[in-house]
$ cat work_22.cif   # mmCIF, C-alpha atoms
data_protein
loop_
_atom_site.group_PDB
_atom_site.id
_atom_site.type_symbol
_atom_site.label_atom_id
_atom_site.label_comp_id
_atom_site.auth_asym_id
_atom_site.auth_seq_id
_atom_site.Cartn_x
_atom_site.Cartn_y
_atom_site.Cartn_z
ATOM 1 C CA MET A 1 -133.005 58.468 43.017
ATOM 2 C CA THR A 2 -129.454 57.733 44.140
ATOM 3 C CA ASP A 3 -126.983 60.160 45.629
ATOM 4 C CA THR A 4 -124.328 60.976 43.044
ATOM 5 C CA THR A 5 -122.188 63.080 45.381
ATOM 6 C CA PRO A 6 -118.619 61.764 45.140
ATOM 7 C CA ALA A 7 -117.127 60.297 48.300
ATOM 8 C CA THR A 8 -114.818 62.375 50.408
ATOM 9 C CA ARG A 9 -111.518 60.833 51.450
ATOM 10 C CA VAL A 10 -110.403 61.457 55.057
ATOM 11 C CA THR A 11 -106.786 60.880 55.976
ATOM 12 C CA GLU A 12 -104.193 61.805 58.580
ATOM 13 C CA LEU A 13 -101.876 64.502 57.244
ATOM 14 C CA PRO A 14 -98.139 64.743 57.800
ATOM 15 C CA THR A 15 -97.171 67.853 59.756
ATOM 16 C CA ARG A 16 -95.083 69.121 56.833
ATOM 17 C CA TRP A 17 -98.076 68.824 54.461
ATOM 18 C CA MET A 18 -100.229 70.793 56.882
ATOM 19 C CA ARG A 19 -97.618 73.554 57.171
ATOM 20 C CA ASP A 20 -97.319 73.738 53.380
ATOM 21 C CA HIS A 21 -101.120 73.977 52.961
ATOM 22 C CA LEU A 22 -102.073 76.228 55.887
ATOM 23 C CA HIS A 23 -103.341 79.021 53.631
ATOM 24 C CA GLU A 24 -105.699 76.556 51.942
ATOM 25 C CA ALA A 25 -106.878 75.159 55.288
ATOM 26 C CA LEU A 26 -107.341 78.603 56.836
ATOM 27 C CA ALA A 27 -109.488 79.694 53.886
ATOM 28 C CA ILE A 28 -111.844 76.848 54.886
ATOM 29 C CA TYR A 29 -111.649 78.057 58.508
ATOM 30 C CA GLY A 30 -112.664 81.567 57.425
ATOM 31 C CA ALA A 31 -115.566 80.362 55.285
ATOM 32 C CA ALA A 32 -116.844 77.981 57.977
ATOM 33 C CA MET A 33 -116.600 80.514 60.818
ATOM 34 C CA GLY A 34 -117.716 83.542 58.825
ATOM 35 C CA TYR A 35 -114.450 85.393 59.473
ATOM 36 C CA GLY A 36 -113.094 88.025 57.113
ATOM 37 C CA GLU A 37 -109.751 87.906 55.342
ATOM 38 C CA SER A 38 -107.962 89.979 58.001
ATOM 39 C CA VAL A 39 -108.929 87.541 60.768
ATOM 40 C CA VAL A 40 -107.862 84.590 58.637
ATOM 41 C CA ALA A 41 -104.535 86.258 57.748
ATOM 42 C CA GLY A 42 -103.905 86.997 61.431
ATOM 43 C CA ARG A 43 -104.434 83.348 62.297
ATOM 44 C CA TYR A 44 -101.650 82.076 60.020
ATOM 45 C CA GLY A 45 -98.727 82.741 62.389
ATOM 46 C CA TYR A 46 -100.519 81.025 65.263
ATOM 47 C CA ALA A 47 -101.325 78.027 63.106
ATOM 48 C CA VAL A 48 -97.668 77.631 62.123
ATOM 49 C CA GLN A 49 -96.734 77.676 65.825
ATOM 50 C CA HIS A 50 -99.409 75.072 66.554
ATOM 51 C CA THR A 51 -97.737 72.621 64.154
ATOM 52 C CA GLU A 52 -94.647 72.703 66.384
ATOM 53 C CA ARG A 53 -96.443 71.758 69.611
ATOM 54 C CA PRO A 54 -96.034 68.355 71.273
ATOM 55 C CA GLY A 55 -98.567 65.799 70.104
ATOM 56 C CA PHE A 56 -99.555 67.767 66.977
ATOM 57 C CA ARG A 57 -101.848 65.782 64.701
ATOM 58 C CA SER A 58 -103.866 66.825 61.661
ATOM 59 C CA VAL A 59 -106.431 65.275 59.343
ATOM 60 C CA GLY A 60 -107.927 66.364 56.053
ATOM 61 C CA GLY A 61 -111.008 65.672 53.992
ATOM 62 C CA PHE A 62 -110.536 65.678 50.226
ATOM 63 C CA ALA A 63 -113.231 65.771 47.535
ATOM 64 C CA GLU A 64 -112.879 65.062 43.825
ATOM 65 C CA THR A 65 -113.509 68.101 41.649
ATOM 66 C CA PRO A 66 -113.157 68.588 37.889
ATOM 67 C CA GLN A 67 -109.751 70.143 38.665
ATOM 68 C CA GLY A 68 -108.686 67.144 40.788
ATOM 69 C CA GLU A 69 -108.804 66.360 44.464
ATOM 70 C CA ARG A 70 -108.996 69.331 46.830
ATOM 71 C CA LEU A 71 -109.078 69.932 50.555
ATOM 72 C CA VAL A 72 -112.647 70.643 51.751
ATOM 73 C CA GLY A 73 -112.271 70.053 55.482
ATOM 74 C CA PHE A 74 -109.543 69.699 58.074
ATOM 75 C CA GLY A 75 -108.858 69.351 61.744
ATOM 76 C CA TYR A 76 -105.831 69.558 63.966
ATOM 77 C CA GLY A 77 -104.849 69.602 67.576
ATOM 78 C CA TYR A 78 -102.109 68.918 70.086
ATOM 79 C CA LEU A 79 -101.395 68.273 73.743
ATOM 80 C CA VAL A 80 -102.572 71.150 75.961
ATOM 81 C CA ALA A 81 -100.068 72.582 78.415
ATOM 82 C CA PRO A 82 -99.826 75.471 80.868
ATOM 83 C CA GLY A 83 -98.520 78.606 79.189
ATOM 84 C CA GLN A 84 -100.448 78.018 75.963
ATOM 85 C CA TRP A 85 -102.981 80.804 75.397
ATOM 86 C CA TRP A 86 -105.997 78.496 74.975
ATOM 87 C CA HIS A 87 -105.065 76.291 77.935
ATOM 88 C CA ASP A 88 -104.707 79.301 80.209
ATOM 89 C CA GLN A 89 -107.983 80.841 79.011
ATOM 90 C CA VAL A 90 -109.812 77.552 79.598
ATOM 91 C CA ARG A 91 -108.148 77.110 82.994
ATOM 92 C CA ASN A 92 -109.570 80.496 84.012
ATOM 93 C CA ALA A 93 -113.023 79.588 82.673
ATOM 94 C CA LEU A 94 -113.293 76.321 84.617
ATOM 95 C CA ASP A 95 -113.715 75.802 88.336
ATOM 96 C CA ARG A 96 -110.684 74.217 90.038
ATOM 97 C CA ARG A 97 -112.170 70.737 90.292
ATOM 98 C CA THR A 98 -113.243 70.616 86.634
ATOM 99 C CA ALA A 99 -109.856 71.932 85.471
ATOM 100 C CA LYS A 100 -108.048 69.300 87.549
ATOM 101 C CA GLN A 101 -110.239 66.529 86.092
ATOM 102 C CA TRP A 102 -110.009 67.550 82.453
ATOM 103 C CA LEU A 103 -106.897 69.579 81.588
ATOM 104 C CA PRO A 104 -103.920 67.367 82.536
ATOM 105 C CA GLY A 105 -102.772 65.353 79.531
ATOM 106 C CA ALA A 106 -105.709 66.437 77.351
ATOM 107 C CA PHE A 107 -105.654 66.827 73.578
ATOM 108 C CA GLU A 108 -106.996 70.135 72.293
ATOM 109 C CA VAL A 109 -109.084 69.959 69.137
ATOM 110 C CA CYS A 110 -107.781 73.339 68.061
ATOM 111 C CA GLU A 111 -109.418 73.535 64.640
ATOM 112 C CA LEU A 112 -112.054 71.390 62.944
ATOM 113 C CA HIS A 113 -113.751 72.946 59.930
ATOM 114 C CA VAL A 114 -115.648 71.887 56.837
ATOM 115 C CA HIS A 115 -116.194 74.237 53.912
ATOM 116 C CA PRO A 116 -119.875 75.315 53.879
ATOM 117 C CA ASP A 117 -120.363 73.711 50.443
ATOM 118 C CA HIS A 118 -119.489 70.303 51.983
ATOM 119 C CA GLN A 119 -121.284 70.516 55.337
ATOM 120 C CA SER A 120 -124.197 68.313 56.433
ATOM 121 C CA ARG A 121 -122.739 65.224 54.737
ATOM 122 C CA GLY A 122 -121.015 63.621 57.737
ATOM 123 C CA LEU A 123 -117.541 64.960 56.944
ATOM 124 C CA GLY A 124 -117.197 66.854 60.239
ATOM 125 C CA ARG A 125 -117.904 63.653 62.179
ATOM 126 C CA GLN A 126 -115.432 61.680 60.049
ATOM 127 C CA LEU A 127 -112.742 64.292 60.623
ATOM 128 C CA LEU A 128 -113.412 64.434 64.378
ATOM 129 C CA HIS A 129 -113.186 60.670 64.779
ATOM 130 C CA ALA A 130 -110.095 60.404 62.559
ATOM 131 C CA LEU A 131 -108.368 63.165 64.523
ATOM 132 C CA LEU A 132 -109.067 61.539 67.895
ATOM 133 C CA ALA A 133 -108.591 57.887 66.886
ATOM 134 C CA ASP A 134 -106.018 55.951 68.908
ATOM 135 C CA LEU A 135 -104.689 58.967 70.818
ATOM 136 C CA PRO A 136 -102.836 58.203 74.062
ATOM 137 C CA HIS A 137 -104.605 61.026 75.904
ATOM 138 C CA PRO A 138 -107.350 60.696 78.534
ATOM 139 C CA ALA A 139 -109.586 63.399 77.078
ATOM 140 C CA ALA A 140 -110.195 65.773 74.183
ATOM 141 C CA LEU A 141 -111.181 69.397 74.756
ATOM 142 C CA LEU A 142 -112.443 72.078 72.404
ATOM 143 C CA SER A 143 -114.275 75.363 72.265
ATOM 144 C CA THR A 144 -117.082 76.215 69.881
ATOM 145 C CA PRO A 145 -119.513 79.131 69.550
ATOM 146 C CA ASP A 146 -122.141 78.722 72.260
ATOM 147 C CA THR A 147 -125.155 78.564 70.009
ATOM 148 C CA ASP A 148 -127.210 75.860 68.316
ATOM 149 C CA THR A 149 -124.932 75.156 65.353
ATOM 150 C CA LYS A 150 -124.249 71.981 63.397
ATOM 151 C CA ALA A 151 -120.845 71.748 65.078
ATOM 152 C CA PHE A 152 -122.280 72.165 68.576
ATOM 153 C CA ARG A 153 -124.839 69.423 67.930
ATOM 154 C CA LEU A 154 -122.164 67.152 66.429
ATOM 155 C CA TYR A 155 -119.898 67.442 69.460
ATOM 156 C CA HIS A 156 -122.705 66.712 71.906
ATOM 157 C CA ALA A 157 -123.956 63.779 69.823
ATOM 158 C CA ASP A 158 -120.459 62.286 69.793
ATOM 159 C CA GLY A 159 -119.872 62.324 73.546
ATOM 160 C CA PHE A 160 -118.664 65.812 74.390
ATOM 161 C CA VAL A 161 -120.093 67.362 77.547
ATOM 162 C CA ASP A 162 -120.321 70.970 78.689
ATOM 163 C CA LEU A 163 -117.456 72.110 80.888
ATOM 164 C CA ALA A 164 -118.257 75.844 80.658
ATOM 165 C CA ARG A 165 -120.821 77.863 78.740
ATOM 166 C CA GLY A 166 -121.006 81.517 77.745
ATOM 167 C CA TYR A 167 -117.248 82.106 77.944
ATOM 168 C CA HIS A 168 -115.825 85.101 76.083
ATOM 169 C CA PHE A 169 -112.348 84.670 74.624
ATOM 170 C CA PRO A 170 -110.449 87.945 74.145
ATOM 171 C CA GLY A 171 -110.865 89.256 70.603
ATOM 172 C CA ASP A 172 -114.221 87.572 69.871
ATOM 173 C CA ALA A 173 -117.528 89.072 70.982
ATOM 174 C CA ARG A 174 -119.396 85.780 70.720
ATOM 175 C CA PRO A 175 -119.873 83.498 73.719
ATOM 176 C CA PHE A 176 -118.187 80.105 73.481
ATOM 177 C CA ALA A 177 -118.822 76.734 75.068
ATOM 178 C CA ILE A 178 -115.894 74.699 76.329
ATOM 179 C CA LEU A 179 -116.534 70.993 75.823
ATOM 180 C CA GLY A 180 -114.735 67.818 76.799
ATOM 181 C CA ALA A 181 -114.941 64.124 75.943
ATOM 182 C CA ARG A 182 -113.221 61.136 77.480
ATOM 183 C CA LEU A 183 -111.140 59.148 75.023
ATOM 184 C CA PRO A 184 -111.500 56.941 73.155
ATOM 185 C CA LEU A 185 -114.657 58.344 71.589
ATOM 186 C CA ALA A 186 -117.380 55.829 70.986
ATOM 187 C CA PRO A 187 -117.560 54.839 67.307
ATOM 188 C CA PRO A 188 -119.897 57.073 65.316
ATOM 189 C CA ALA A 189 -123.460 55.826 65.007
ATOM 190 C CA PRO A 190 -124.269 54.373 61.569
ATOM 191 C CA ARG A 191 -125.936 56.851 59.229
ATOM 192 C CA ASP A 192 -129.360 56.016 57.849
#
$ encode --input "work_22.cif" --output "structure tokens"
Amino acid sequence: MTDTTPATRVTELPTRWMRDHLHEALAIYGAAMGYGESVVAGRYGYAVQHTERPGFRSVGGFAETPQGERLVGFGYGYLVAPGQWWHDQVRNALDRRTAKQWLPGAFEVCELHVHPDHQSRGLGRQLLHALLADLPHPAALLSTPDTDTKAFRLYHADGFVDLARGYHFPGDARPFAILGARLPLAPPAPRD
């Protein structure tokens, strides 16, 4: 039997497109993270601000549906800098030596999400590699729930290492892992 699942197209997105489609992207974020509508709505203003940060880059994964092509996964990030909430939280979570080795000039993978209906098909890996391809930064950093999830396994399989574990960001009761990878990422392993 052959797989009849239509291919998903992954592409870099212009900043303007991302701003215009943030509600659509954040609905995927909410579904993937298990967040309610109020959390997702509260994230919108921050996401708009993120699009204005130096080095902002975004990618999207689009699937064909009977209604036409639609966004089913996305990722974005930017250059980390002192004074940004996430940078300062991570700086406090890391020991001085680790922070000095990883934070300067790093690219933060701020969001990377695939709608649950489209997970486990390699789209997260495609988005991650597209987002980080050809960046002029020495490293990529991200945070992810500190539990055995598909995302956590993906990041480790693709070269990310633990920088801190069990960190609690304000406003979220779950522990998070802070991960880093030197760039460029190795090409993804071929799928069987």
$ closest_residue --input "work_22.cif" --among "A:Gly36, A:Pro104, A:Gly124, A:Gly171" --to "Val10 (chain A)" --atoms "all atoms listed in the file"
A:Gly124
$ residues_around --input "work_22.cif" --residues "region 135-150 of chain A" --least-positions-apart "2" --cutoff "7 Å" --atoms "all atoms listed in the file" --output "list in words"
Trp102, Gly105, Ala106, Phe107, Glu108, Val109, Cys110, Leu132, Ala133, Phe152, Arg153, Leu154, Arg165, Gly166, Arg174, Pro175, Phe176, Ala177, Ile178, Leu179, Gly180, Ala181, Arg182 and Leu183 of chain A
$ closest_residue --input "work_22.cif" --among "A:Glu111, A:Glu64, A:Asp158, A:Glu69" --to "Thr51 (chain A)" --atoms "all atoms listed in the file"
A:Glu111
$ resolve_selection --input "work_22.cif" --expression "the PyMOL selection byres ((chain A and resi 47) around 12)" --output "number ranges by chain"
A: 15, 18-23, 25-26, 29, 40-46, 48-53, 56, 58, 75-78, 110-111
$ closest_residue --input "work_22.cif" --among "A:Ala99, A:Ala7, A:Val90, A:Ile28" --to "Phe62 (chain A)" --atoms "all atoms listed in the file"
A:Ala7
$ closest_residue --input "work_22.cif" --among "A:His168, A:Pro54, A:Ala173, A:Tyr155" --to "Gln84 (chain A)" --atoms "all atoms listed in the file"
A:Pro54
$ atom_distance --input "work_22.cif" --atom1 "CA of Pro66 (chain A)" --atom2 "CA of Ala151 (chain A)"
28.4 Å
$ atom_distance --input "work_22.cif" --atom1 "CA of Val72 (chain A)" --atom2 "CA of Ala27 (chain A)"
9.8 Å
$ atom_distance --input "work_22.cif" --atom1 "CA of Pro116 (chain A)" --atom2 "CA of Ala32 (chain A)"
5.8 Å
$ residues_around --input "work_22.cif" --residues "Pro82 (chain A)" --least-positions-apart "5" --cutoff "9 Å" --atoms "all atoms listed in the file" --output "ChimeraX atom specification"
/A:87-88,91
$ resolve_selection --input "work_22.cif" --expression "the PyMOL selection byres ((chain A and resi 123) around 12)" --output "ChimeraX atom specification"
/A:7-11,59-63,71-75,112-122,124-130,150-151,154,188,191
$ closest_residue --input "work_22.cif" --among "A:Ala164, A:Arg16, A:Asp134, A:Gly34" --to "Pro187 (chain A)" --atoms "only C-alpha atoms"
A:Asp134
$ closest_residue --input "work_22.cif" --among "A:Gly30, A:Leu103, A:Val39, A:Arg70" --to "Trp86 (chain A)" --atoms "all atoms listed in the file"
A:Leu103
